[in-house]
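In what follows, a structure is listed as structure tokens, so that the remarks can point back to it.
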Amino acid sequence: MTTTLPLTGKIALVTGGSRSIGAAIALRLAADGAAVAITYNGSPDRAADVVAAIEAVGGKALAIQADAGDPVAVRAAVRQVVADFGAIDILVNNAGIAINAGIEDYDFADYERMLAVNVTGVFVATQEAARAMTAGGRVIHIGSSMARYAAFPTASVYTLTKGAVSGFNRSLARDLGPRGITVNTVLPGPTNTDMNPKDGPVAAIVGQNIAIGRYGEPDEIAAAVAFLARPEAAFITGAEIIADGGLTA
Ligand code: NDP
């Protein structure tokens, strides 16, 4: 007897899928039945591990080196997914960076890099994917709870980029809704990753304000993404799911 999983037959692309939240999303979408492509920038070995883990349980996976801050590379990556897998049904804009500093000292090159990766990368991947998607398509952004509540200092540029994603999310839902494509954002709160380890400097500031009393784990963000990716989430669009353990409650 064959079991049909919720995402059987679907093709997903997760940007920044080599580590941390992106890797957890890739593994979760694959476990739910999707063929999954990931992009990565600096971690080819970790990307290969994610592909191997999916293939080891009979899934289909592909890793593509594509700096999210390079529009040509991002566009090419989306086109490669469509060429190699035949379509794209789910785009997860996860790749992101955080360069934090006070506004007085913020380096302009760092500002431009933040915009390139966290905003322009999202726009380009979404544009290219939207051109190829058909009804039932899913665009899922990984924003941040910082777009709702600035929980610690020095993150003004990071929050600027994530606020842009939240605005893009709402308006894009109106553009793509008539085509049967939903657009939603998951807003993680403090999540235990290389970017924000549960024993790191941010944890020392925000830890006590998390209602659940601990950091989130990448799997818990992936669960929210997986829900939005499912066919049963077809009436949810332009929405944000906050997965922050109650930091912003
Ligand atoms: P990590 O830094 O732990 O991992 C980042 C991932 O993104 C890696 O797989 C990395 O790949 C990839 N990546 C980074 N830069 C690029 C780039 N230029 N091009 C392609 N891939 C890139 O981050 P998290 O997992 O913590 O964060 C993932 C997302 O979640 C981000 O958008 C972040 O802003 C957001 N977020 C995280 C929170 C947290 O507390 N952790 C809270 C709220 C939001 P590689 O190593 O191959 O370059």
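Ordering of the structure tokens sets the chain letters (A, B, ...), residue numbers begin anew at 1 in every chain, and ligands are numbered from 1 in the order given.
For range 47-116 of chain A, backbone-based DSSP labels the following residues as strand (DSSP E or B): Ala61, Leu62, Ala63, Ile64, Gln65, Ile90, Leu91, Val92 and Asn93 of chain A.
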The selected residues should be written to file as an mmCIF file, in the first residue's frame (atoms: N, CA and C atoms).
data_model
loop_
_atom_site.group_PDB
_atom_site.id
_atom_site.type_symbol
_atom_site.label_atom_id
_atom_site.label_comp_id
_atom_site.auth_asym_id
_atom_site.auth_seq_id
_atom_site.Cartn_x
_atom_site.Cartn_y
_atom_site.Cartn_z
ATOM 1 N N ALA A 61 16.218 15.405 -4.092
ATOM 2 C CA ALA A 61 16.768 16.677 -3.610
ATOM 3 C C ALA A 61 17.869 17.163 -4.530
ATOM 4 N N LEU A 62 18.115 18.461 -4.428
ATOM 5 C CA LEU A 62 19.101 19.119 -5.286
ATOM 6 C C LEU A 62 19.649 20.322 -4.531
ATOM 7 N N ALA A 63 20.971 20.508 -4.561
ATOM 8 C CA ALA A 63 21.580 21.688 -3.940
ATOM 9 C C ALA A 63 22.211 22.552 -5.020
ATOM 10 N N ILE A 64 21.960 23.859 -4.931
ATOM 11 C CA ILE A 64 22.465 24.805 -5.930
ATOM 12 C C ILE A 64 23.212 25.923 -5.209
ATOM 13 N N GLN A 65 24.426 26.166 -5.591
ATOM 14 C CA GLN A 65 25.165 27.290 -5.015
ATOM 15 C C GLN A 65 24.611 28.579 -5.622
ATOM 16 N N ILE A 90 6.431 25.454 -4.512
ATOM 17 C CA ILE A 90 6.608 26.060 -3.189
ATOM 18 C C ILE A 90 7.957 26.775 -3.171
ATOM 19 N N LEU A 91 7.935 28.065 -2.893
ATOM 20 C CA LEU A 91 9.182 28.806 -2.690
ATOM 21 C C LEU A 91 9.237 29.240 -1.234
ATOM 22 N N VAL A 92 10.314 28.885 -0.547
ATOM 23 C CA VAL A 92 10.523 29.360 0.825
ATOM 24 C C VAL A 92 11.729 30.291 0.822
ATOM 25 N N ASN A 93 11.457 31.567 1.031
ATOM 26 C CA ASN A 93 12.519 32.578 1.087
ATOM 27 C C ASN A 93 13.069 32.615 2.503
#
Non-local contacts of Leu228 in chain A (8 Å; only C-alpha atoms; under 5 positions in same chain excluded) as an NGL selection string: :A and (138 or 140 or 184 or 233 or 236)
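Here CA of Ser43 in chain A stands at a distance of 6.9 Å from atom 10 (C, counted along the ligand's line) of ligand 1.
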All residues having an atom within 6 Å of ligand 1 (only C-alpha atoms and all ligand atoms) as number ranges by chain: A: 16-22, 39-43, 66-69, 94-97, 117, 142-144, 188-196
Print the selection's residues with N, CA and C atoms to a file, as a CSV table (one decimal), in the first residue's frame.
chain,number,residue,atom,x,y,z
A,16,GLY,N,18.8,29.2,1.1
A,16,GLY,CA,19.6,29.1,2.4
A,16,GLY,C,19.2,27.8,3.1
A,17,GLY,N,19.2,26.7,2.4
A,17,GLY,CA,18.8,25.4,3.0
A,17,GLY,C,19.9,24.5,3.5
A,18,SER,N,21.1,25.1,3.6
A,18,SER,CA,22.2,24.2,4.0
A,18,SER,C,22.4,24.0,5.5
A,19,ARG,N,21.8,24.9,6.3
A,19,ARG,CA,22.0,24.9,7.8
A,19,ARG,C,20.8,25.4,8.5
A,20,SER,N,20.7,25.1,9.8
A,20,SER,CA,19.8,25.8,10.7
A,20,SER,C,18.3,25.8,10.2
A,21,ILE,N,17.6,26.9,10.3
A,21,ILE,CA,16.2,26.8,10.0
A,21,ILE,C,15.9,26.3,8.5
A,22,GLY,N,16.7,26.8,7.6
A,22,GLY,CA,16.5,26.4,6.2
A,22,GLY,C,16.6,24.9,6.0
A,39,THR,N,19.1,26.2,-2.0
A,39,THR,CA,20.3,27.0,-2.3
A,39,THR,C,21.2,27.2,-1.1
A,40,TYR,N,22.5,27.5,-1.3
A,40,TYR,CA,23.4,27.7,-0.3
A,40,TYR,C,24.4,28.7,-0.8
A,41,ASN,N,25.2,29.3,0.1
A,41,ASN,CA,26.3,30.2,-0.3
A,41,ASN,C,27.6,29.6,0.1
A,42,GLY,N,27.9,29.6,1.5
A,42,GLY,CA,29.2,29.3,1.9
A,42,GLY,C,29.4,27.9,2.5
A,43,SER,N,28.4,27.0,2.5
A,43,SER,CA,28.5,25.7,3.2
A,43,SER,C,28.1,24.6,2.2
A,66,ALA,N,24.1,29.5,-4.8
A,66,ALA,CA,23.5,30.7,-5.3
A,66,ALA,C,23.5,31.7,-4.1
A,67,ASP,N,24.3,32.7,-4.2
A,67,ASP,CA,24.4,33.8,-3.2
A,67,ASP,C,23.1,34.5,-3.3
A,68,ALA,N,22.3,34.6,-2.2
A,68,ALA,CA,21.0,35.3,-2.3
A,68,ALA,C,21.2,36.8,-2.6
A,69,GLY,N,22.4,37.3,-2.4
A,69,GLY,CA,22.7,38.7,-2.7
A,69,GLY,C,23.1,38.9,-4.2
A,94,ASN,N,14.1,31.8,2.7
A,94,ASN,CA,14.6,31.7,4.1
A,94,ASN,C,16.0,32.3,4.2
A,95,ALA,N,16.8,32.3,3.2
A,95,ALA,CA,18.2,32.8,3.3
A,95,ALA,C,18.2,34.2,3.9
A,96,GLY,N,19.0,34.4,4.9
A,96,GLY,CA,19.0,35.8,5.5
A,96,GLY,C,20.3,35.9,6.3
A,97,ILE,N,20.7,37.1,6.5
A,97,ILE,CA,21.9,37.4,7.4
A,97,ILE,C,21.5,38.5,8.4
A,117,VAL,N,20.8,40.7,0.4
A,117,VAL,CA,20.5,39.3,0.7
A,117,VAL,C,19.0,39.2,1.2
A,142,ILE,N,10.4,33.8,5.2
A,142,ILE,CA,10.8,33.8,6.7
A,142,ILE,C,11.2,35.2,7.0
A,143,GLY,N,10.3,35.8,7.8
A,143,GLY,CA,10.5,37.2,8.3
A,143,GLY,C,11.1,37.1,9.6
A,144,SER,N,10.6,38.0,10.5
A,144,SER,CA,11.2,37.9,11.9
A,144,SER,C,10.2,38.6,12.9
A,188,PRO,N,9.7,34.0,12.8
A,188,PRO,CA,10.3,33.3,14.0
A,188,PRO,C,10.7,34.3,15.0
A,189,GLY,N,10.6,33.9,16.3
A,189,GLY,CA,11.2,34.6,17.4
A,189,GLY,C,12.6,33.9,17.6
A,190,PRO,N,13.2,34.1,18.7
A,190,PRO,CA,14.5,33.6,19.0
A,190,PRO,C,14.6,32.1,18.8
A,191,THR,N,15.4,31.7,17.8
A,191,THR,CA,15.4,30.3,17.4
A,191,THR,C,16.9,29.8,17.4
A,192,ASN,N,17.1,28.7,18.0
A,192,ASN,CA,18.5,28.2,18.3
A,192,ASN,C,19.2,27.8,17.0
A,193,THR,N,20.0,28.7,16.5
A,193,THR,CA,20.7,28.4,15.2
A,193,THR,C,22.1,29.0,15.4
A,194,ASP,N,22.9,28.8,14.3
A,194,ASP,CA,24.2,29.5,14.2
A,194,ASP,C,24.0,31.0,14.4
A,195,MET,N,23.0,31.5,13.7
A,195,MET,CA,22.8,33.0,13.8
A,195,MET,C,22.5,33.5,15.2
A,196,ASN,N,21.7,32.7,15.9
A,196,ASN,CA,21.2,33.2,17.2
A,196,ASN,C,21.2,32.0,18.2
All alpha helix (DSSP H) positions in range 32-219 of chain A, as number ranges by chain: A: 44-56, 71-85, 108-115, 121-132, 156-176, 201-206, 218-219
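Proximity to Leu7 in chain A was assessed for A:Phe108, A:Gly163, A:Leu29, A:Ala48 counting only C-alpha atoms; the smallest distance is recorded for A:Leu29.
Excluding Ile242 in chain A itself and any same-chain residue fewer than 5 positions from it, the protein and nucleic acid residues within 7 Å of it, counting only C-alpha atoms, are Ser145, Val186, Leu187 and Pro188 of chain A.
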Spatial neighbours of Val82 in chain A, max dist 12 Å, only C-alpha atoms, sep filter under 2 positions, as JSON, numbers by chain: {"A": [10, 11, 12, 13, 35, 36, 37, 62, 75, 76, 77, 78, 79, 80, 84, 85, 86, 87, 88, 89, 90, 91, 128, 129, 130, 131, 132, 133]}
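In this structure, CA of Ala101 in chain A sits 12.1 Å away from CA of Met114 in chain A.
If you measure from each of A:Thr154, A:Ala222, A:Ala147, A:Pro71 to Glu104 in chain A using only C-alpha atoms, the closest one turns out to be A:Thr154.
Distances here use only C-alpha atoms; by that measure, the residue among A:Gly136, A:Pro197, A:Gly213, A:Pro153 closest to Pro178 in chain A is A:Gly136.
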